[in-house]
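Presented below is the structure to which this report refers.
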Amino acid sequence: MLASENGALRGGKVGGVGDVVRDLPLALAAAGWQISVATPSYGSLHRLPGAARLATVDVDFRGSVHSVDVWGIEVDTSGVKHIVFDHALFAQYGGGRIYHQDEAARPFASDANTFAFFCAAAAQWISASDRRPDVVHLHDWHAAFYLILAKYDGQIAGIRDIRTVFTIHNLAYQGTRPFRGDASSLEAWYQNLQPDYATIVDPRYADCVNPMASAIRLADRVSTVSPTYADEICRPSNPETGFIGGEGLEADLSRARDDGRLNGILNGCYYDQPIGRRPGWQRLLSMIETQLQAWQKEQPSNEAHELALQRLTSLPKRRPSHLMTSIGRLVEQKAALLLHEFDDGGTPLGRIAEAAGRGSVIVVLGSGDPHLEARMLQVAQHTPNLVFLQGYSEDLAAPLYRGGDLFLMPSSFEPCGISQMLAMRSAQPCVVHGVGGLKDTVDDGLTGFVFDGHSPDEQAREFIKTTARALDIRSDDPIAWQNVCQAAAACRFDWAAAAEKTIDTLYGEGNDR
């Protein structure tokens with residue numbers, strides 16, 4: 001597997017890709033497959049405990065030959081091999097950083113430099129291996145350049161005929177860069193390439209390569225991380241109705257579907273570890289305060305941390321009548337409906353907090369887009385029972401999943417989603433938008449609460465109404481509420497089942513084009 005993230009390595013994960021690349025290989029290994037997972041080192045991962053240098057490969061990149069060290073990292077006894085490629089170019093934008101925010105005029109420029117080099121290193125490593133893999137499984141646009149190299153670089157021997165699988169985690173990010181004329185461009189990176197430009201061109205910009213589109217066209221199999229998302233992305237997006245679909249790639253995806261190459265396989269969740277006790281309210285407040293103080297030491301002038309610490313002192317001393325939680329990155333996909341601005345300037349989050357009353361509390365844990373962070377802070381400043389925790393901490397997320405009463409996840413679109421599975425696993429029902437993997441995992445009125453709508457404004461209003469409906473059931477019908485909690489906790493989205501489908505539909509013999 002080639003990916004930008006690997007949650008099995010400390011410091012190797014930012015979002016959901018890292019979760020999948022950590023968990024799916026374990027299930028595949030348990031099914032008898034030998035799995036290697038490779039990422040860049042980002043200047044730090046090769047220093048983790050258990051790391052050992054395995055080899056060095058020479059990589060032709062930008063017209064020069066670079067020696068890249070290949071490290072193996074022993075994580076556990078599962079049999080999954082964790083590989084990182086180390087070179088100064090993987091840390092040129094700051095050691096330990098996986099992604100970088102570029103100016104609007106040059107989107108993806110820094111990250112495309114990193115991952116174009118990563119794919120070149122991976123291609124050379126696979127080419128030089130004594131035993132070449134049966135399948136190369138690529139995750140999102142960051143790994144897609146491998147397919148371009150395998151198809152069009154004749155100097156990298158022996159990889160063109162290896163079966164390839166490309167998994168789409170999020171079509172909102174496609175990695176589009178110019179063919180030429182920029183330091184971050186296809187011809188600047190790969191000077192031995194002889195491509196068919198029609199196969200790798202962006203459908204909107206005729207002078208650009210689109211790695212996501214290229215992989216959809218070139219891979220032997222294409223998958224997404226839920227069946228409903230696989231259907232949605234074959235239709236065009238429509239901002240007026242609030243529908244997020246193929247994001248310009250729906251024609252390519254429809255062809256892949258019609259060719260029998262596109263499959264939707266729901267991600268999983270592990271249930272083999274005890275969930276632990278639900279934390280008491282004062283214990284939860286103490287944990288939040290400890291984390292905020294640690295963040296404040298790192299960022300002493302951060303206004304969000306200061307407000308959250310002040311807010312803790314004014315919260316109810318006893319457990320709130322309703323504790324609502326929301327955990328996720330503050331990006332447009334996740335936060336647009338939380339922060340949707342109505343004509344009067346109000347937001348769904350503010351209205352939900354107001355309707356629930358001062359005896360209830362909403363805790364939001366997440367960071368991401370600076371604009372959305374600022375907007376969330378602004379809402380928190382005017383909402384006394386909202387606690388905005390600007391950051392992320394696994395040590396804080398786990399007790400919030402266990403301790404919350406109702407989880408809010410109104411994603412505008414959701415390829416799969418892991419947060420709703422983790423909340424449900426802890427018997428915390430969710431309010432979700434009926435899209436993608438959320439539609440595939442939450443049954444309205446049975447295991448949680450689902451809303452829809454034919455425009456962003458209507459979706460935002462239905463989100464408010466559905467949250468109110470859930471809280472009314474919790475207040476007025478404890479038996480019905482307990483049934484929903486128990487049904488949510490009983491759901492099983494099994495990684496073993498996902499691995500079996502992956503093997504049968506993506507890896508298996510006889511599925512060639």
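Naming works like this for the structure tokens: A, B, ... for the chains as they're shown, residue 1 at the start of each chain, ligands 1 onward in shown order.
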
Do a neighbour search on stretch 440-443 of chain A at 12 Å with only C-alpha atoms, toss out local chain neighbours closer than 6 positions, and write the hits as number ranges by chain.
-> A: 225-231, 264-269, 407, 409, 414-425, 428-434, 449-451, 484-485, 487-494

Using only C-alpha atoms, which residues sit within 12 Å of A:His87 once same-chain residues fewer than 5 positions away are excluded, as an MDAnalysis selection string?
-> chainID A and resid 39:46 56:59 66:71 92 95 114 117:118 121

Residue subset to file, keeping C-alpha atoms, as a compact mmCIF listing (two decimals), in the first residue's frame:
```txt
# COMPACT_ATOMS: atom_id res chain seq x y z
CA THR A 39 4.70 6.51 3.33
CA PRO A 40 7.25 9.35 3.28
CA SER A 41 9.22 9.86 6.49
CA TYR A 42 8.46 13.60 6.64
CA GLY A 43 11.86 13.91 8.29
CA SER A 44 10.70 12.22 11.48
CA LEU A 45 9.00 8.83 11.09
CA HIS A 46 12.28 7.01 10.40
CA THR A 56 18.78 2.69 -0.43
CA VAL A 57 17.23 3.34 -3.84
CA ASP A 58 18.37 5.79 -6.50
CA VAL A 59 15.52 7.95 -7.73
CA HIS A 66 18.67 11.20 -5.42
CA SER A 67 19.58 8.47 -2.93
CA VAL A 68 16.51 7.67 -0.82
CA ASP A 69 16.81 5.57 2.33
CA VAL A 70 14.18 2.90 2.88
CA TRP A 71 13.36 2.22 6.54
CA GLN A 92 11.76 20.58 3.06
CA GLY A 95 10.00 18.22 9.66
CA THR A 114 6.43 15.80 -1.90
CA PHE A 117 8.90 12.34 -5.27
CA PHE A 118 7.39 9.75 -2.92
CA ALA A 121 10.82 6.46 -4.80
```

Pick out the residues sitting within 12 Å of A:Asn263, and hand them over as a PyMOL selection string; count only C-alpha atoms, and ignore anything fewer than 4 positions along from it in its own chain.
-> chain A and resi 165-168+216+220-231+233-234+253-254+256-259+498+501-502+504-507

Store the residues picked out above, limited to N, CA and C atoms, as a CSV table (one decimal), in the first residue's frame.
```csv
chain,number,residue,atom,x,y,z
A,165,VAL,N,-4.8,-1.1,-7.5
A,165,VAL,CA,-6.1,-0.7,-7.0
A,165,VAL,C,-5.9,0.7,-6.5
A,166,PHE,N,-6.9,1.6,-6.8
A,166,PHE,CA,-6.9,3.0,-6.4
A,166,PHE,C,-8.1,3.2,-5.5
A,167,THR,N,-7.9,3.7,-4.3
A,167,THR,CA,-9.0,4.0,-3.4
A,167,THR,C,-9.2,5.5,-3.2
A,168,ILE,N,-10.4,5.9,-3.4
A,168,ILE,CA,-10.8,7.3,-3.3
A,168,ILE,C,-11.3,7.5,-1.9
A,216,ILE,N,-8.0,7.1,-11.6
A,216,ILE,CA,-9.3,6.5,-12.0
A,216,ILE,C,-9.3,5.9,-13.3
A,220,ASP,N,-6.5,-0.8,-12.3
A,220,ASP,CA,-7.3,-2.0,-12.7
A,220,ASP,C,-8.6,-2.0,-11.9
A,221,ARG,N,-8.6,-1.5,-10.7
A,221,ARG,CA,-9.8,-1.4,-9.9
A,221,ARG,C,-9.8,-0.1,-9.1
A,222,VAL,N,-11.0,0.5,-9.0
A,222,VAL,CA,-11.2,1.8,-8.3
A,222,VAL,C,-12.2,1.5,-7.2
A,223,SER,N,-11.9,2.0,-6.0
A,223,SER,CA,-12.9,1.8,-4.9
A,223,SER,C,-13.1,3.1,-4.2
A,224,THR,N,-14.2,3.1,-3.5
A,224,THR,CA,-14.5,4.2,-2.5
A,224,THR,C,-14.8,3.5,-1.2
A,225,VAL,N,-15.0,4.3,-0.2
A,225,VAL,CA,-15.0,3.8,1.2
A,225,VAL,C,-16.4,3.6,1.7
A,226,SER,N,-17.4,3.7,0.8
A,226,SER,CA,-18.8,3.3,1.2
A,226,SER,C,-19.6,3.1,-0.1
A,227,PRO,N,-20.6,2.2,-0.1
A,227,PRO,CA,-21.4,2.0,-1.3
A,227,PRO,C,-22.2,3.3,-1.7
A,228,THR,N,-22.7,4.0,-0.8
A,228,THR,CA,-23.5,5.2,-1.2
A,228,THR,C,-22.6,6.3,-1.8
A,229,TYR,N,-21.4,6.5,-1.3
A,229,TYR,CA,-20.5,7.4,-1.9
A,229,TYR,C,-20.1,7.0,-3.3
A,230,ALA,N,-20.0,5.7,-3.5
A,230,ALA,CA,-19.7,5.2,-4.9
A,230,ALA,C,-20.8,5.6,-5.8
A,231,ASP,N,-22.0,5.6,-5.4
A,231,ASP,CA,-23.1,6.0,-6.2
A,231,ASP,C,-23.1,7.5,-6.4
A,233,ILE,N,-20.8,9.8,-6.3
A,233,ILE,CA,-19.7,10.4,-7.1
A,233,ILE,C,-19.8,10.2,-8.6
A,234,CYS,N,-20.8,9.4,-9.0
A,234,CYS,CA,-21.1,9.2,-10.5
A,234,CYS,C,-22.0,10.2,-11.0
A,253,LEU,N,-15.8,8.5,-13.5
A,253,LEU,CA,-16.2,7.5,-12.5
A,253,LEU,C,-17.4,6.7,-13.0
A,254,SER,N,-18.3,7.3,-13.8
A,254,SER,CA,-19.4,6.6,-14.4
A,254,SER,C,-18.8,5.5,-15.4
A,256,ALA,N,-15.9,4.1,-15.2
A,256,ALA,CA,-15.3,3.0,-14.3
A,256,ALA,C,-16.4,2.1,-13.8
A,257,ARG,N,-17.5,2.7,-13.4
A,257,ARG,CA,-18.6,1.9,-12.9
A,257,ARG,C,-19.2,1.0,-14.0
A,258,ASP,N,-19.4,1.6,-15.2
A,258,ASP,CA,-20.0,0.8,-16.3
A,258,ASP,C,-19.0,-0.3,-16.7
A,259,ASP,N,-17.7,-0.1,-16.6
A,259,ASP,CA,-16.7,-1.1,-16.9
A,259,ASP,C,-16.6,-2.2,-15.9
A,498,ALA,N,-14.8,-6.0,5.6
A,498,ALA,CA,-14.3,-5.1,4.6
A,498,ALA,C,-13.1,-5.7,3.9
A,501,LYS,N,-14.2,-8.3,1.3
A,501,LYS,CA,-14.7,-7.7,0.1
A,501,LYS,C,-13.6,-7.1,-0.7
A,502,THR,N,-12.6,-6.5,0.0
A,502,THR,CA,-11.4,-6.0,-0.7
A,502,THR,C,-10.7,-7.1,-1.5
A,504,ASP,N,-11.9,-10.0,-2.5
A,504,ASP,CA,-12.8,-10.7,-3.5
A,504,ASP,C,-13.0,-9.7,-4.7
A,505,THR,N,-13.2,-8.4,-4.5
A,505,THR,CA,-13.6,-7.5,-5.6
A,505,THR,C,-12.5,-6.7,-6.1
A,506,LEU,N,-11.4,-6.5,-5.3
A,506,LEU,CA,-10.3,-5.6,-5.8
A,506,LEU,C,-9.0,-6.4,-6.0
A,507,TYR,N,-8.7,-7.3,-5.2
A,507,TYR,CA,-7.4,-8.0,-5.3
A,507,TYR,C,-7.5,-9.3,-6.1
```

Taking the backbone alone, and naming residues the way the document does, which bits of stretch 106-253 of chain A are strand (DSSP E or B) by DSSP, as a PyMOL selection string?
-> chain A and resi 135-139+163-168+177-178+201+208-209+221-224+238+243

Skip stretch 384-392 of chain A itself and residues of its chain fewer than 2 positions away, then list as a list in words all residues within 6 Å of it, counting only C-alpha atoms.
-> Ala308, Arg358, Val361, Ile362, Val363, Val364, Leu365, Gly366, Ser367 and Ala380 of chain A

Compile the contact shell of A:Leu309 as a count of residues only: residues with an atom at most 12 Å away, counting only C-alpha atoms, same-chain residues fewer than 5 positions apart removed.
-> 22

Please identify all polymer residues within 7 Å of stretch 174-188 of chain A, counting only C-alpha atoms, omitting same-chain residues fewer than 3 positions from it, and present them as a count of residues only.
-> 14

At most 9 Å is the cut-off: for each residue in stretch 60-151 of chain A with any atom that close to an atom of stretch 192-203 of chain A, write down the nearest atom pair and the distance in Å rounded to one decimal, counting only C-alpha atoms, chain first then increasing number, as a Markdown table.
```
| residue | atom | partner | partner_atom | distance |
| --- | --- | --- | --- | --- |
| A:Asp60 | CA | A:Asn192 | CA | 8.7 |
| A:Gly63 | CA | A:Asn192 | CA | 8.7 |
| A:Ile148 | CA | A:Pro195 | CA | 7.7 |
| A:Leu149 | CA | A:Leu193 | CA | 7.3 |
| A:Lys151 | CA | A:Pro195 | CA | 7.9 |
```

Taking the backbone alone, and naming residues the way the document does, which bits of stretch 332-396 of chain A are alpha helix (DSSP H) by DSSP, as a PyMOL selection string?
-> chain A and resi 332-335+348-356+370-381+394-396

Residue selection dump (N, CA and C atoms) as an mmCIF file, in the first residue's frame:
```
data_model
loop_
_atom_site.group_PDB
_atom_site.id
_atom_site.type_symbol
_atom_site.label_atom_id
_atom_site.label_comp_id
_atom_site.auth_asym_id
_atom_site.auth_seq_id
_atom_site.Cartn_x
_atom_site.Cartn_y
_atom_site.Cartn_z
ATOM 1 N N GLU A 332 -14.465 22.551 5.266
ATOM 2 C CA GLU A 332 -15.777 22.865 4.702
ATOM 3 C C GLU A 332 -16.696 21.649 4.733
ATOM 4 N N GLN A 333 -16.178 20.493 4.373
ATOM 5 C CA GLN A 333 -16.971 19.268 4.359
ATOM 6 C C GLN A 333 -17.642 19.002 5.697
ATOM 7 N N LYS A 334 -16.895 19.160 6.780
ATOM 8 C CA LYS A 334 -17.381 18.780 8.110
ATOM 9 C C LYS A 334 -18.142 19.902 8.809
ATOM 10 N N ALA A 335 -17.752 21.158 8.540
ATOM 11 C CA ALA A 335 -18.230 22.264 9.375
ATOM 12 C C ALA A 335 -19.230 23.190 8.700
ATOM 13 N N PRO A 348 -26.735 27.062 12.867
ATOM 14 C CA PRO A 348 -27.335 25.871 13.478
ATOM 15 C C PRO A 348 -26.747 25.552 14.849
ATOM 16 N N LEU A 349 -25.438 25.653 14.984
ATOM 17 C CA LEU A 349 -24.805 25.320 16.257
ATOM 18 C C LEU A 349 -25.307 26.242 17.356
ATOM 19 N N GLY A 350 -25.389 27.540 17.049
ATOM 20 C CA GLY A 350 -25.876 28.487 18.039
ATOM 21 C C GLY A 350 -27.330 28.255 18.402
ATOM 22 N N ARG A 351 -28.159 27.950 17.398
ATOM 23 C CA ARG A 351 -29.577 27.732 17.666
ATOM 24 C C ARG A 351 -29.818 26.443 18.448
ATOM 25 N N ILE A 352 -29.047 25.399 18.140
ATOM 26 C CA ILE A 352 -29.172 24.151 18.897
ATOM 27 C C ILE A 352 -28.803 24.378 20.356
ATOM 28 N N ALA A 353 -27.709 25.108 20.583
ATOM 29 C CA ALA A 353 -27.274 25.395 21.954
ATOM 30 C C ALA A 353 -28.319 26.215 22.699
ATOM 31 N N GLU A 354 -28.884 27.215 22.021
ATOM 32 C CA GLU A 354 -29.890 28.071 22.659
ATOM 33 C C GLU A 354 -31.142 27.281 22.994
ATOM 34 N N ALA A 355 -31.613 26.455 22.050
ATOM 35 C CA ALA A 355 -32.833 25.681 22.276
ATOM 36 C C ALA A 355 -32.660 24.650 23.383
ATOM 37 N N ALA A 356 -31.465 24.096 23.498
ATOM 38 C CA ALA A 356 -31.219 23.088 24.532
ATOM 39 C C ALA A 356 -31.177 23.693 25.922
ATOM 40 N N PRO A 370 -8.183 27.872 8.895
ATOM 41 C CA PRO A 370 -8.132 29.043 9.785
ATOM 42 C C PRO A 370 -9.401 29.879 9.740
ATOM 43 N N HIS A 371 -10.015 29.996 8.556
ATOM 44 C CA HIS A 371 -11.257 30.770 8.444
ATOM 45 C C HIS A 371 -12.370 30.121 9.263
ATOM 46 N N LEU A 372 -12.494 28.803 9.189
ATOM 47 C CA LEU A 372 -13.535 28.106 9.938
ATOM 48 C C LEU A 372 -13.222 28.079 11.433
ATOM 49 N N GLU A 373 -11.941 28.012 11.788
ATOM 50 C CA GLU A 373 -11.573 28.126 13.204
ATOM 51 C C GLU A 373 -12.014 29.472 13.758
ATOM 52 N N ALA A 374 -11.772 30.536 12.981
ATOM 53 C CA ALA A 374 -12.164 31.873 13.429
ATOM 54 C C ALA A 374 -13.678 31.987 13.539
ATOM 55 N N ARG A 375 -14.395 31.391 12.598
ATOM 56 C CA ARG A 375 -15.862 31.431 12.631
ATOM 57 C C ARG A 375 -16.387 30.647 13.829
ATOM 58 N N MET A 376 -15.805 29.482 14.118
ATOM 59 C CA MET A 376 -16.228 28.698 15.275
ATOM 60 C C MET A 376 -15.965 29.462 16.566
ATOM 61 N N LEU A 377 -14.834 30.138 16.656
ATOM 62 C CA LEU A 377 -14.522 30.944 17.832
ATOM 63 C C LEU A 377 -15.546 32.048 17.996
ATOM 64 N N GLN A 378 -15.918 32.679 16.883
ATOM 65 C CA GLN A 378 -16.912 33.756 16.942
ATOM 66 C C GLN A 378 -18.249 33.243 17.480
ATOM 67 N N VAL A 379 -18.680 32.072 17.012
ATOM 68 C CA VAL A 379 -19.932 31.494 17.510
ATOM 69 C C VAL A 379 -19.803 31.159 18.992
ATOM 70 N N ALA A 380 -18.663 30.590 19.386
ATOM 71 C CA ALA A 380 -18.455 30.235 20.791
ATOM 72 C C ALA A 380 -18.490 31.460 21.696
ATOM 73 N N GLN A 381 -17.970 32.571 21.224
ATOM 74 C CA GLN A 381 -17.957 33.795 22.031
ATOM 75 C C GLN A 381 -19.370 34.266 22.377
ATOM 76 N N GLU A 394 -6.208 12.502 20.952
ATOM 77 C CA GLU A 394 -6.813 11.174 21.127
ATOM 78 C C GLU A 394 -7.201 10.952 22.584
ATOM 79 N N ASP A 395 -6.386 11.492 23.496
ATOM 80 C CA ASP A 395 -6.667 11.314 24.922
ATOM 81 C C ASP A 395 -7.941 12.031 25.334
ATOM 82 N N LEU A 396 -8.342 13.042 24.594
ATOM 83 C CA LEU A 396 -9.577 13.767 24.883
ATOM 84 C C LEU A 396 -10.740 13.228 24.059
#
```

Can you tell me how far atom CA of A:Trp495 sits from atom CA of A:Gly368, in Å to one decimal?
-> 28.0 Å

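In terms of minimum interatomic distance to A:Asn6, A:His139 ranks closest within A:His139, A:Ala460, A:Asp111, A:Glu500, counting only C-alpha atoms.
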
For A:Glu74, which residue out of A:Leu48, A:Leu438, A:Ala31, A:Ala122 is the nearest one, using only C-alpha atoms?
-> A:Leu48
